[in-house]
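Enquirer: This is query.csv (CSV, C-alpha atoms and all ligand atoms).
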```csv
chain,number,residue,atom,x,y,z
A,1,MET,CA,-75.6,-52.8,-4.8
A,2,SER,CA,-75.3,-54.7,-1.6
A,3,ASN,CA,-72.3,-54.7,0.7
A,4,THR,CA,-72.7,-58.4,1.3
A,5,MET,CA,-71.7,-61.3,-0.8
A,6,LEU,CA,-74.9,-63.1,0.0
A,7,LEU,CA,-77.1,-60.5,-1.5
A,8,SER,CA,-74.9,-59.5,-4.5
A,9,PRO,CA,-75.3,-61.0,-7.9
A,10,PHE,CA,-73.3,-64.1,-8.8
A,11,GLN,CA,-72.3,-65.1,-12.3
A,12,ILE,CA,-72.1,-68.8,-13.0
A,13,GLY,CA,-71.3,-69.7,-16.6
A,14,ASP,CA,-73.7,-67.7,-18.7
A,15,LEU,CA,-76.2,-67.4,-15.9
A,16,LYS,CA,-76.5,-64.4,-13.6
A,17,LEU,CA,-78.2,-65.0,-10.3
A,18,LYS,CA,-79.5,-61.9,-8.4
A,19,ASN,CA,-78.0,-63.2,-5.2
A,20,ARG,CA,-76.3,-66.3,-3.7
A,21,VAL,CA,-79.4,-67.7,-2.0
A,22,VAL,CA,-80.6,-71.0,-3.3
A,23,MET,CA,-83.8,-72.8,-2.2
A,24,SER,CA,-82.6,-76.3,-1.5
A,25,PRO,CA,-84.5,-79.1,-3.3
A,26,MET,CA,-87.2,-80.4,-1.0
A,27,CYS,CA,-89.8,-83.0,-2.0
A,28,MET,CA,-93.3,-81.9,-1.2
A,29,HIS,CA,-95.0,-85.0,-2.6
A,30,ALA,CA,-97.7,-82.7,-4.0
A,31,ALA,CA,-97.7,-83.6,-7.7
A,32,ASP,CA,-100.7,-85.4,-9.1
A,33,GLU,CA,-100.7,-89.2,-9.6
A,34,ASP,CA,-99.0,-88.8,-13.0
A,35,GLY,CA,-96.2,-86.6,-11.6
A,36,GLU,CA,-97.6,-83.4,-13.0
A,37,VAL,CA,-97.2,-80.0,-11.4
A,38,THR,CA,-100.2,-78.9,-9.4
A,39,ASP,CA,-101.5,-75.5,-8.3
A,40,TRP,CA,-100.2,-76.0,-4.8
A,41,LEU,CA,-96.7,-76.5,-6.1
A,42,THR,CA,-97.0,-73.5,-8.3
A,43,THR,CA,-98.0,-71.3,-5.3
A,44,HIS,CA,-95.3,-72.9,-3.1
A,45,TYR,CA,-92.4,-72.1,-5.6
A,46,THR,CA,-93.7,-68.8,-6.8
A,47,ALA,CA,-94.0,-67.5,-3.2
A,48,ARG,CA,-90.2,-68.0,-2.9
A,49,ALA,CA,-89.6,-66.2,-6.2
A,50,LEU,CA,-91.6,-63.3,-4.9
A,51,GLY,CA,-89.5,-63.7,-1.7
A,52,GLN,CA,-86.4,-62.7,-3.8
A,53,VAL,CA,-84.6,-66.1,-3.8
A,54,GLY,CA,-81.9,-66.1,-6.5
A,55,LEU,CA,-82.1,-69.7,-7.5
A,56,ILE,CA,-85.0,-72.0,-6.8
A,57,PHE,CA,-84.4,-75.7,-7.0
A,58,LEU,CA,-87.6,-77.7,-7.6
A,59,GLU,CA,-87.7,-80.8,-5.5
A,60,SER,CA,-86.1,-84.0,-6.8
A,61,LEU,CA,-87.7,-84.9,-10.2
A,62,ALA,CA,-88.0,-88.7,-10.8
A,63,ILE,CA,-86.4,-89.8,-14.0
A,64,ASN,CA,-88.4,-93.1,-13.9
A,65,LYS,CA,-91.7,-93.6,-12.2
A,66,LYS,CA,-90.3,-96.7,-10.5
A,67,GLY,CA,-87.5,-94.6,-9.1
A,68,MET,CA,-89.6,-92.0,-7.3
A,69,ILE,CA,-88.4,-91.1,-3.8
A,70,GLY,CA,-91.9,-90.9,-2.4
A,71,PRO,CA,-95.5,-90.7,-3.4
A,72,ASN,CA,-96.6,-87.9,-5.7
A,73,ASP,CA,-93.1,-86.8,-6.7
A,74,ILE,CA,-92.8,-84.5,-9.6
A,75,GLY,CA,-92.0,-86.5,-12.7
A,76,ILE,CA,-89.6,-85.9,-15.6
A,77,TRP,CA,-89.8,-89.4,-16.8
A,78,ALA,CA,-92.1,-88.7,-19.8
A,79,ASP,CA,-92.3,-86.0,-22.5
A,80,LYS,CA,-95.8,-85.2,-21.3
A,81,HIS,CA,-94.2,-83.6,-18.1
A,82,VAL,CA,-92.5,-80.8,-20.1
A,83,ALA,CA,-95.5,-78.6,-20.6
A,84,GLY,CA,-96.4,-78.4,-16.9
A,85,LEU,CA,-92.8,-77.8,-15.9
A,86,LYS,CA,-92.4,-75.1,-18.5
A,87,LYS,CA,-95.5,-73.3,-17.2
A,88,LEU,CA,-94.1,-73.4,-13.7
A,89,ILE,CA,-90.7,-72.2,-14.8
A,90,ASP,CA,-92.2,-69.3,-16.8
A,91,LYS,CA,-94.1,-68.2,-13.8
A,92,ILE,CA,-91.1,-68.3,-11.5
A,93,HIS,CA,-89.0,-66.5,-14.1
A,94,SER,CA,-91.7,-63.8,-14.3
A,95,TYR,CA,-90.9,-63.0,-10.6
A,96,GLY,CA,-87.1,-62.7,-11.3
A,97,ALA,CA,-85.8,-66.0,-9.9
A,98,LYS,CA,-83.8,-68.7,-11.8
A,99,VAL,CA,-84.9,-72.3,-11.6
A,100,GLY,CA,-83.0,-75.5,-11.1
A,101,ALA,CA,-84.0,-79.1,-11.8
A,102,GLN,CA,-82.6,-81.9,-9.6
A,103,ILE,CA,-82.9,-85.3,-11.3
A,104,SER,CA,-82.9,-88.5,-9.4
A,105,HIS,CA,-83.5,-92.2,-9.0
A,106,GLY,CA,-84.4,-93.5,-5.6
A,107,GLY,CA,-82.5,-96.8,-5.9
A,108,ARG,CA,-83.0,-99.1,-3.0
A,109,LEU,CA,-85.1,-96.4,-1.3
A,110,SER,CA,-87.5,-96.0,-4.2
A,111,TYR,CA,-91.1,-95.7,-3.3
A,112,VAL,CA,-93.2,-98.7,-4.3
A,113,PRO,CA,-96.9,-97.9,-4.1
A,114,LYS,CA,-98.0,-101.4,-3.2
A,115,GLU,CA,-95.6,-104.0,-1.8
A,116,GLY,CA,-94.8,-106.4,-4.6
A,117,ASP,CA,-95.8,-104.0,-7.4
A,118,TYR,CA,-92.2,-104.0,-8.6
A,119,GLU,CA,-88.7,-104.6,-7.4
A,120,ARG,CA,-86.4,-101.9,-5.9
A,121,LEU,CA,-83.2,-101.7,-7.8
A,122,ALA,CA,-79.7,-100.9,-6.5
A,123,PRO,CA,-76.0,-101.5,-7.3
A,124,SER,CA,-76.0,-104.5,-5.0
A,125,ALA,CA,-78.6,-106.6,-3.2
A,126,ILE,CA,-78.0,-104.8,0.2
A,127,PRO,CA,-80.8,-103.2,2.1
A,128,LEU,CA,-80.4,-99.9,4.1
A,129,SER,CA,-81.0,-102.0,7.2
A,130,GLU,CA,-82.8,-105.1,8.3
A,131,ASP,CA,-86.0,-103.0,8.4
A,132,PHE,CA,-85.8,-102.3,4.7
A,133,PRO,CA,-86.6,-104.5,1.7
A,134,ILE,CA,-83.7,-106.2,-0.1
A,135,PRO,CA,-83.2,-104.6,-3.5
A,136,ARG,CA,-82.2,-106.5,-6.7
A,137,ALA,CA,-78.7,-105.7,-8.2
A,138,LEU,CA,-78.9,-103.9,-11.5
A,139,THR,CA,-77.7,-105.9,-14.6
A,140,ILE,CA,-75.2,-104.2,-16.9
A,141,PRO,CA,-78.0,-103.6,-19.6
A,142,GLU,CA,-80.1,-102.0,-16.8
A,143,ILE,CA,-77.2,-99.7,-15.8
A,144,LYS,CA,-77.0,-98.6,-19.5
A,145,GLU,CA,-80.7,-98.0,-19.5
A,146,LEU,CA,-80.4,-95.9,-16.3
A,147,VAL,CA,-77.7,-93.8,-17.9
A,148,ALA,CA,-79.9,-93.2,-20.9
A,149,GLU,CA,-82.9,-92.3,-18.7
A,150,PHE,CA,-80.8,-89.6,-17.0
A,151,GLY,CA,-80.0,-88.3,-20.5
A,152,GLN,CA,-83.7,-88.2,-21.5
A,153,ALA,CA,-84.5,-86.3,-18.3
A,154,ALA,CA,-81.8,-83.8,-19.1
A,155,ARG,CA,-83.3,-83.3,-22.6
A,156,ARG,CA,-86.7,-82.7,-21.1
A,157,ALA,CA,-85.2,-80.3,-18.5
A,158,LYS,CA,-83.7,-78.3,-21.5
A,159,GLU,CA,-87.0,-78.3,-23.4
A,160,ALA,CA,-88.9,-77.1,-20.3
A,161,GLY,CA,-86.5,-74.1,-19.9
A,162,PHE,CA,-84.6,-74.9,-16.6
A,163,ASP,CA,-81.6,-72.7,-15.9
A,164,ILE,CA,-79.5,-75.2,-14.0
A,165,LEU,CA,-79.5,-79.0,-13.7
A,166,GLU,CA,-78.3,-81.0,-10.7
A,167,ILE,CA,-77.7,-84.8,-10.7
A,168,HIS,CA,-78.8,-86.1,-7.3
A,169,THR,CA,-76.0,-88.3,-6.0
A,170,ALA,CA,-76.8,-87.9,-2.3
A,171,HIS,CA,-79.0,-89.1,0.6
A,172,GLY,CA,-78.7,-92.8,0.0
A,173,TYR,CA,-80.4,-92.9,-3.4
A,174,MET,CA,-79.3,-94.8,-6.4
A,175,LEU,CA,-76.2,-92.8,-7.5
A,176,ASN,CA,-75.0,-92.3,-3.9
A,177,GLU,CA,-75.4,-96.1,-3.5
A,178,PHE,CA,-72.9,-96.6,-6.4
A,179,LEU,CA,-70.4,-94.2,-4.8
A,180,SER,CA,-70.4,-95.8,-1.3
A,181,PRO,CA,-68.5,-99.0,-0.6
A,182,LEU,CA,-71.2,-99.8,2.0
A,183,SER,CA,-73.9,-100.2,-0.6
A,184,ASN,CA,-71.8,-101.1,-3.7
A,185,THR,CA,-70.0,-104.5,-3.5
A,186,ARG,CA,-70.2,-105.2,-7.2
A,187,THR,CA,-67.3,-107.1,-8.7
A,188,ASP,CA,-67.7,-105.8,-12.3
A,189,GLU,CA,-66.5,-102.5,-13.7
A,190,TYR,CA,-69.1,-100.6,-11.7
A,191,GLY,CA,-67.8,-101.7,-8.2
A,192,GLY,CA,-64.7,-102.4,-6.2
A,193,SER,CA,-62.2,-99.5,-6.7
A,194,GLN,CA,-63.2,-95.9,-6.2
A,195,GLU,CA,-62.8,-95.3,-10.0
A,196,ASN,CA,-65.2,-98.2,-10.7
A,197,ARG,CA,-67.8,-96.9,-8.2
A,198,TYR,CA,-67.6,-93.5,-9.9
A,199,ARG,CA,-68.0,-95.0,-13.4
A,200,ILE,CA,-71.8,-94.7,-13.6
A,201,LEU,CA,-71.8,-91.1,-12.6
A,202,SER,CA,-69.2,-90.3,-15.2
A,203,GLU,CA,-71.2,-92.0,-17.8
A,204,ILE,CA,-74.4,-90.2,-16.7
A,205,ILE,CA,-72.6,-86.8,-16.8
A,206,ARG,CA,-71.4,-87.5,-20.3
A,207,GLU,CA,-74.8,-88.7,-21.4
A,208,VAL,CA,-76.5,-85.7,-19.8
A,209,LYS,CA,-74.1,-83.3,-21.6
A,210,ASN,CA,-75.4,-84.7,-25.0
A,211,TYR,CA,-78.6,-82.9,-24.2
A,212,TRP,CA,-77.7,-80.2,-21.6
A,213,ASP,CA,-75.2,-77.5,-22.5
A,214,GLN,CA,-75.9,-75.2,-19.5
A,215,THR,CA,-74.7,-75.1,-15.9
A,216,LEU,CA,-74.5,-78.5,-14.2
A,217,PHE,CA,-74.3,-79.4,-10.5
A,218,VAL,CA,-74.0,-82.6,-8.6
A,219,ARG,CA,-75.3,-83.0,-5.0
A,220,ILE,CA,-73.2,-85.4,-3.0
A,221,SER,CA,-73.4,-87.0,0.4
A,222,SER,CA,-69.9,-86.2,1.6
A,223,ASN,CA,-70.1,-88.4,4.7
A,224,ASP,CA,-71.8,-91.8,5.3
A,225,TYR,CA,-71.2,-91.5,9.0
A,226,LYS,CA,-70.3,-95.2,9.3
A,227,GLU,CA,-67.0,-97.1,9.4
A,228,GLY,CA,-66.1,-98.2,5.9
A,229,GLY,CA,-68.2,-95.6,4.2
A,230,ASN,CA,-67.3,-92.5,2.3
A,231,ILE,CA,-65.8,-89.5,4.3
A,232,PRO,CA,-65.3,-86.0,3.0
A,233,GLU,CA,-61.6,-86.7,2.0
A,234,ASP,CA,-62.8,-89.4,-0.4
A,235,PHE,CA,-64.6,-86.6,-2.3
A,236,ILE,CA,-61.3,-84.9,-3.2
A,237,ASN,CA,-60.8,-87.6,-5.9
A,238,TYR,CA,-64.5,-87.8,-6.8
A,239,ALA,CA,-64.6,-84.0,-7.2
A,240,LYS,CA,-61.5,-84.0,-9.4
A,241,TRP,CA,-63.2,-86.5,-11.7
A,242,MET,CA,-66.4,-84.5,-11.6
A,243,LYS,CA,-64.5,-81.4,-12.6
A,244,ALA,CA,-62.8,-83.2,-15.4
A,245,ASP,CA,-66.2,-84.5,-16.6
A,246,GLY,CA,-67.5,-80.9,-16.7
A,247,ILE,CA,-69.4,-80.4,-13.5
A,248,ASP,CA,-69.6,-76.7,-12.5
A,249,LEU,CA,-70.5,-76.9,-8.8
A,250,ILE,CA,-70.6,-79.6,-6.1
A,251,ASP,CA,-73.5,-79.2,-3.7
A,252,CYS,CA,-72.3,-80.7,-0.4
A,253,SER,CA,-74.8,-82.6,1.7
A,254,SER,CA,-74.3,-85.8,3.7
A,255,GLY,CA,-75.9,-88.9,5.1
A,256,GLY,CA,-78.5,-91.4,3.8
A,257,ILE,CA,-76.4,-94.5,3.1
A,258,ALA,CA,-76.4,-95.8,6.7
A,259,ALA,CA,-79.3,-96.0,9.1
A,260,VAL,CA,-77.6,-93.8,11.7
A,261,LYS,CA,-78.7,-90.6,13.4
A,262,VAL,CA,-76.8,-87.7,12.0
A,263,ASN,CA,-75.5,-85.2,14.6
A,264,SER,CA,-76.5,-82.0,13.0
A,265,TYR,CA,-75.7,-78.4,14.2
A,266,PRO,CA,-75.4,-75.0,12.5
A,267,ASN,CA,-73.2,-75.3,9.3
A,268,TYR,CA,-72.5,-79.0,10.0
A,269,GLN,CA,-71.8,-79.8,6.3
A,270,VAL,CA,-69.9,-76.7,5.4
A,271,GLY,CA,-66.5,-78.3,6.2
A,272,ALA,CA,-66.9,-80.7,3.3
A,273,ALA,CA,-67.8,-77.8,0.9
A,274,GLU,CA,-64.7,-75.9,2.1
A,275,LEU,CA,-62.4,-79.0,1.8
A,276,ILE,CA,-63.5,-79.7,-1.8
A,277,LYS,CA,-63.4,-76.1,-2.8
A,278,LYS,CA,-59.8,-75.7,-1.6
A,279,GLU,CA,-58.4,-79.0,-2.6
A,280,VAL,CA,-60.0,-79.2,-6.1
A,281,ASP,CA,-60.6,-75.6,-7.0
A,282,ILE,CA,-64.2,-76.1,-8.0
A,283,LEU,CA,-67.3,-74.1,-7.0
A,284,THR,CA,-69.2,-75.6,-4.0
A,285,GLY,CA,-72.5,-75.2,-2.4
A,286,ALA,CA,-73.0,-75.2,1.4
A,287,VAL,CA,-76.2,-76.6,2.9
A,288,GLY,CA,-77.4,-77.8,6.3
A,289,LEU,CA,-78.8,-75.6,9.1
A,290,VAL,CA,-77.6,-72.4,7.5
A,291,GLU,CA,-80.4,-70.4,9.0
A,292,THR,CA,-79.4,-66.8,9.3
A,293,GLY,CA,-77.9,-64.1,7.0
A,294,LYS,CA,-74.8,-63.8,9.2
A,295,GLN,CA,-74.1,-67.6,9.0
A,296,ALA,CA,-74.5,-67.5,5.2
A,297,GLU,CA,-72.3,-64.4,4.9
A,298,GLU,CA,-69.6,-66.0,7.0
A,299,ILE,CA,-69.4,-69.0,4.7
A,300,LEU,CA,-69.1,-66.9,1.6
A,301,ARG,CA,-66.7,-64.3,3.0
A,302,ASN,CA,-64.3,-66.9,4.3
A,303,ASN,CA,-64.4,-68.6,0.9
A,304,ARG,CA,-65.8,-71.8,2.2
A,305,ALA,CA,-68.4,-72.1,-0.5
A,306,ASP,CA,-69.9,-70.2,-3.4
A,307,LEU,CA,-73.6,-70.6,-3.0
A,308,VAL,CA,-75.7,-71.1,0.1
A,309,PHE,CA,-78.6,-73.6,-0.1
A,310,VAL,CA,-81.4,-73.0,2.5
A,311,GLY,CA,-84.0,-75.7,3.2
A,312,ARG,CA,-86.3,-75.9,6.1
A,313,ALA,CA,-85.8,-72.2,7.1
A,314,MET,CA,-87.1,-71.4,3.6
A,315,LEU,CA,-90.2,-73.5,4.2
A,316,ARG,CA,-90.9,-71.6,7.4
A,317,ASP,CA,-90.2,-68.3,5.8
A,318,PRO,CA,-90.8,-67.7,2.1
A,319,PHE,CA,-89.2,-64.2,2.7
A,320,TRP,CA,-86.0,-65.8,4.1
A,321,VAL,CA,-84.0,-63.4,1.9
A,322,ARG,CA,-85.6,-60.5,3.6
A,323,SER,CA,-85.0,-61.9,7.0
A,324,ALA,CA,-81.3,-62.5,6.1
A,325,ALA,CA,-81.1,-58.9,4.9
A,326,VAL,CA,-82.4,-57.6,8.2
A,327,ASP,CA,-79.9,-59.8,10.0
A,328,LEU,CA,-77.1,-58.3,7.9
A,329,LYS,CA,-78.5,-54.7,8.1
A,330,GLU,CA,-78.9,-54.6,4.4
A,331,GLU,CA,-81.7,-53.7,1.9
A,332,ILE,CA,-83.1,-56.0,-0.8
A,333,ASP,CA,-85.3,-55.3,-3.8
A,334,ILE,CA,-88.9,-55.0,-2.8
A,335,PRO,CA,-91.8,-56.2,-4.9
A,336,VAL,CA,-93.1,-52.9,-6.3
A,337,GLU,CA,-96.6,-53.7,-5.0
A,338,TYR,CA,-95.3,-53.6,-1.4
A,339,THR,CA,-93.8,-50.1,-1.8
A,340,ARG,CA,-97.0,-48.2,-2.5
A,341,TYR,CA,-97.6,-47.1,1.0
A,342,GLY,CA,-93.8,-46.5,1.7
A,343,SER,CA,-91.1,-49.1,1.7
A,344,ASN,CA,-89.2,-48.9,4.9
A,345,TRP,CA,-91.6,-51.0,6.9
A,346,PHE,CA,-90.8,-53.9,4.6
A,347,VAL,CA,-87.2,-54.3,5.7
A,348,ASN,CA,-87.3,-52.8,9.2
B,401,LIG,C1,-85.3,-82.4,1.9
B,401,LIG,N1,-84.0,-82.5,1.3
B,401,LIG,C2,-83.9,-82.9,0.0
B,401,LIG,N2,-82.7,-83.0,-0.6
B,401,LIG,C3,-82.5,-83.2,-1.9
B,401,LIG,O1,-81.4,-83.3,-2.4
B,401,LIG,N3,-83.7,-83.5,-2.6
B,401,LIG,C4,-84.9,-83.5,-2.1
B,401,LIG,O2,-85.9,-83.7,-2.8
B,401,LIG,C5,-85.0,-83.3,-0.7
B,401,LIG,N4,-86.3,-83.3,-0.1
B,401,LIG,C6,-86.4,-82.8,1.2
B,401,LIG,C7,-87.7,-82.6,1.7
B,401,LIG,C8,-87.9,-82.0,2.9
B,401,LIG,C9,-89.2,-81.8,3.5
B,401,LIG,C10,-86.7,-81.6,3.7
B,401,LIG,C11,-86.9,-80.9,5.0
B,401,LIG,C12,-85.5,-81.8,3.2
B,401,LIG,C13,-82.8,-82.0,2.0
B,401,LIG,C14,-82.7,-80.5,1.9
B,401,LIG,O3,-82.5,-80.1,0.5
B,401,LIG,C15,-81.6,-80.0,2.7
B,401,LIG,O4,-80.4,-80.5,2.2
B,401,LIG,C16,-81.7,-80.3,4.2
B,401,LIG,O5,-83.0,-80.1,4.7
B,401,LIG,C17,-80.7,-79.6,5.0
B,401,LIG,O6,-80.8,-78.2,4.9
B,401,LIG,P1,-81.6,-77.3,6.0
B,401,LIG,O7,-83.0,-77.7,5.9
B,401,LIG,O8,-81.0,-77.5,7.3
B,401,LIG,O9,-81.4,-75.9,5.5
```
Translate the structure described by the file into structure tokens.

Expert:
Amino acid sequence: MSNTMLLSPFQIGDLKLKNRVVMSPMCMHAADEDGEVTDWLTTHYTARALGQVGLIFLESLAINKKGMIGPNDIGIWADKHVAGLKKLIDKIHSYGAKVGAQISHGGRLSYVPKEGDYERLAPSAIPLSEDFPIPRALTIPEIKELVAEFGQAARRAKEAGFDILEIHTAHGYMLNEFLSPLSNTRTDEYGGSQENRYRILSEIIREVKNYWDQTLFVRISSNDYKEGGNIPEDFINYAKWMKADGIDLIDCSSGGIAAVKVNSYPNYQVGAAELIKKEVDILTGAVGLVETGKQAEEILRNNRADLVFVGRAMLRDPFWVRSAAVDLKEEIDIPVEYTRYGSNWFVN
């Protein structure tokens, strides 16, 4: 049993994670042309499972081929994807980690393979900046279709055996575009007031819950970093509504709605996770330049968030959990294969 919160088990709903370390979702653009899992992806994720990560989020999974974030994203837009995802999940499970699916639509930032192949869709016909193509505003029937597509993605995630599902509402993609007044100027029931901008997410959560009865996260962009955009305080209301709709944890990221440079520094997004956790009494996840065990432990011990998502540091170091344990002067479970010639060298 560890003396740290970071390396102790964490129960969320029916699910027990072996520690509070989460591999943050990160697109690798390494699926095949049809969105199928490849050997490279299997090796990449399994390495982090061997590295003792408690919860591994696969990268953003496209709910519609036309909503991919980039080329060669992993797909969850068709039933054919379930078998490949299941094989990957079974493999990760066999090394003791739990697996999360992040489901997404790229909205106005969707990847279009060849210019003119199809239109980018968004809440309103507003580009990210002059350098970006102008998207077409979704019609109401297209909004209903989008809601249904999120539901179908959730059904496939359930069939594939994921442990946790996250709805991607961050980084300037479709659902973030609905939440932000900078990208949503609709005058119907999906725009205008904060309640209206939230409506599509509420409908998606309810649709997803028709197929998904397990733990459900939302990733948000808590700050648009631009006058007139969302700020962390706006998410007190949003988070109350998400909690009422049955969301278990809010994963607090930021940025993507405005073409501005984000001033990032260690723990730069943790304030939003802390604010939402305290004001709304809901579990939160902290992410963003959390790079050491001590940084992560501080967040948890001071009750600023409940899970710590690690991104780039986990790309550099598949054994980030071990590095965090060394930083915290703790021990972690060691793959038995590594203990055969004595175990101390592994941690020290
Ligand atoms: C990302 N990030 C990201 N976020 C997300 O919600 N879905 C995604 O698919 C991706 N893809 C992605 C790819 C790559 C290569 C990077 C580096 C990042 C953001 C990521 O999950 C994380 O929030 C940020 O990287 C900040 O955390 P770190 O890297 O400072 O720990």

Enquirer: Record the distance separating atom CA of Gly192 of chain A and atom CA of Leu275 of chain A, expressed in Å with one decimal.

Expert: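 Distance reported for this atom pair: 24.8 Å.
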
Enquirer: Do you know which residues are within 10 Å of ligand LIG 401 (chain B) using all atoms listed in the file? Can you write them as a PyMOL selection string?

Expert: chain A and resi 23-29+57-62+69-70+73-74+102-104+166-171+173+218-221+251-255+264-269+286-291+308-315

Enquirer: How many Å lie between atom CA of Ala296 of chain A and atom CA of Trp320 of chain A, rounded to one decimal?

Expert: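 Atom-to-atom, atom CA of Ala296 of chain A and atom CA of Trp320 of chain A are spaced 11.7 Å apart.
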
Enquirer: Just the residues within 12 Å of Lys209 of chain A, please, counting only C-alpha atoms, with nothing from its chain fewer than 3 positions along; format it as a list in words.

Expert: Val147, Ala148, Phe150, Gly151, Gln152, Ala153, Ala154, Arg155, Ala157, Lys158, Leu165, Glu166, Ile167, Ser202, Glu203, Ile204, Ile205, Arg206, Trp212, Asp213, Gln214, Thr215, Leu216, Phe217, Asp245, Gly246 and Ile247 of chain A

Enquirer: Would you mind telling me which residue in A:Met5, A:Ala125, A:Leu283, A:Ala31 lies nearest to Thr139 of chain A when using all atoms listed in the file?

Expert: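 Under the stated criterion, the closest residue is A:Ala125.
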
Enquirer: I want to know what sits within 7 Å of Ser124 of chain A, based on all atoms listed in the file, with residues of the same chain fewer than 4 positions away left out; could you give that as a JSON list (two decimals) with C-alpha atoms, keeping the file's coordinate frame?

Expert:
```
[["chain", "number", "residue", "atom", "x", "y", "z"],
["A", 136, "ARG", "CA", -82.20, -106.50, -6.70],
["A", 137, "ALA", "CA", -78.70, -105.70, -8.20],
["A", 183, "SER", "CA", -73.90, -100.20, -0.60],
["A", 184, "ASN", "CA", -71.80, -101.10, -3.70],
["A", 185, "THR", "CA", -70.00, -104.50, -3.50],
["A", 186, "ARG", "CA", -70.20, -105.20, -7.20]]
```

Enquirer: What does the distance from atom CA of Gly172 of chain A to atom CA of Lys277 of chain A come to in Å, to one decimal?

Expert: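 These two atoms are separated by 22.8 Å.
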
Enquirer: Compare A:Glu189, A:Gln295, A:Asn237, A:Leu85 by their minimum atom-to-atom distance to Leu41 of chain A, counting all atoms listed in the file, and give me the closest one.

Expert: A:Leu85

Enquirer: Write out, as a Markdown table, each residue of segment 140-201 of chain A that has an atom at most 6 Å from segment 92-101 of chain A, together with the closest pair of atoms and their distance in Å to one decimal, counting only C-alpha atoms, rows going by chain and rising number.

Expert:
```
| residue | atom | partner | partner_atom | distance |
| --- | --- | --- | --- | --- |
| A:Phe162 | CA | A:Val99 | CA | 5.6 |
| A:Asp163 | CA | A:Val99 | CA | 5.4 |
| A:Ile164 | CA | A:Gly100 | CA | 4.6 |
| A:Leu165 | CA | A:Ala101 | CA | 4.9 |
```

Enquirer: Pick out the closest residue to Gly161 of chain A from this set: A:Gly256, A:Gly84, A:Pro113, A:Gly293. Count all atoms listed in the file.

Expert: A:Gly84

Enquirer: Can you list, as a list of chain:residue names, every protein, DNA or RNA residue that comes within 6 Å of Pro9 of chain A when you count all atoms listed in the file, leaving out same-chain residues fewer than 6 positions away?

Expert: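 The neighbour list is A:Leu17, A:Lys18, A:Asn19.
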
Enquirer: Give as a list in words every residue, naming chains and numbers as the document does, that has an atom within 9 Å of (-70.4, -96.4, 1.9), counting only C-alpha atoms.

Expert: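 Within 9 Å of (-70.4, -96.4, 1.9), the protein and nucleic acid residues are Asn176, Glu177, Phe178, Leu179, Ser180, Pro181, Leu182, Ser183, Asn184, Asn223, Asp224, Tyr225, Lys226, Glu227, Gly228, Gly229, Asn230, Ile231, Ile257 and Ala258 of chain A.
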
Enquirer: Which residues are near Leu50 of chain A? Cut-off 8 Å, all atoms listed in the file, ignore same chain within fewer than 2 positions. Put them as a VMD selection string.

Expert: chain A and resid 46 to 48 52 to 53 95 to 96 335

Enquirer: Please list, as a PyMOL selection string, the residues that have an atom at most 9 Å away from (-64.2, -74.0, -6.2) in the coordinates of this file, counting only C-alpha atoms.

Expert: chain A and resi 248-250+273-274+276-284+303-306

Enquirer: Name the residues in contact with Pro135 of chain A at a cut-off of 8 Å, using all atoms listed in the file, excluding same-chain residues fewer than 2 positions from it; report them as a list in words.

Expert: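 The filter keeps Arg108, Glu119, Arg120, Leu121, Ala122, Ser124, Ala125, Ile126, Pro127, Pro133 and Ala137 of chain A.
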
Enquirer: Using only C-alpha atoms, pick whichever of A:Arg316, A:Val112, A:Ser222, A:Asn72 has the shortest atom-to-atom distance to Gly285 of chain A.

Expert: A:Ser222
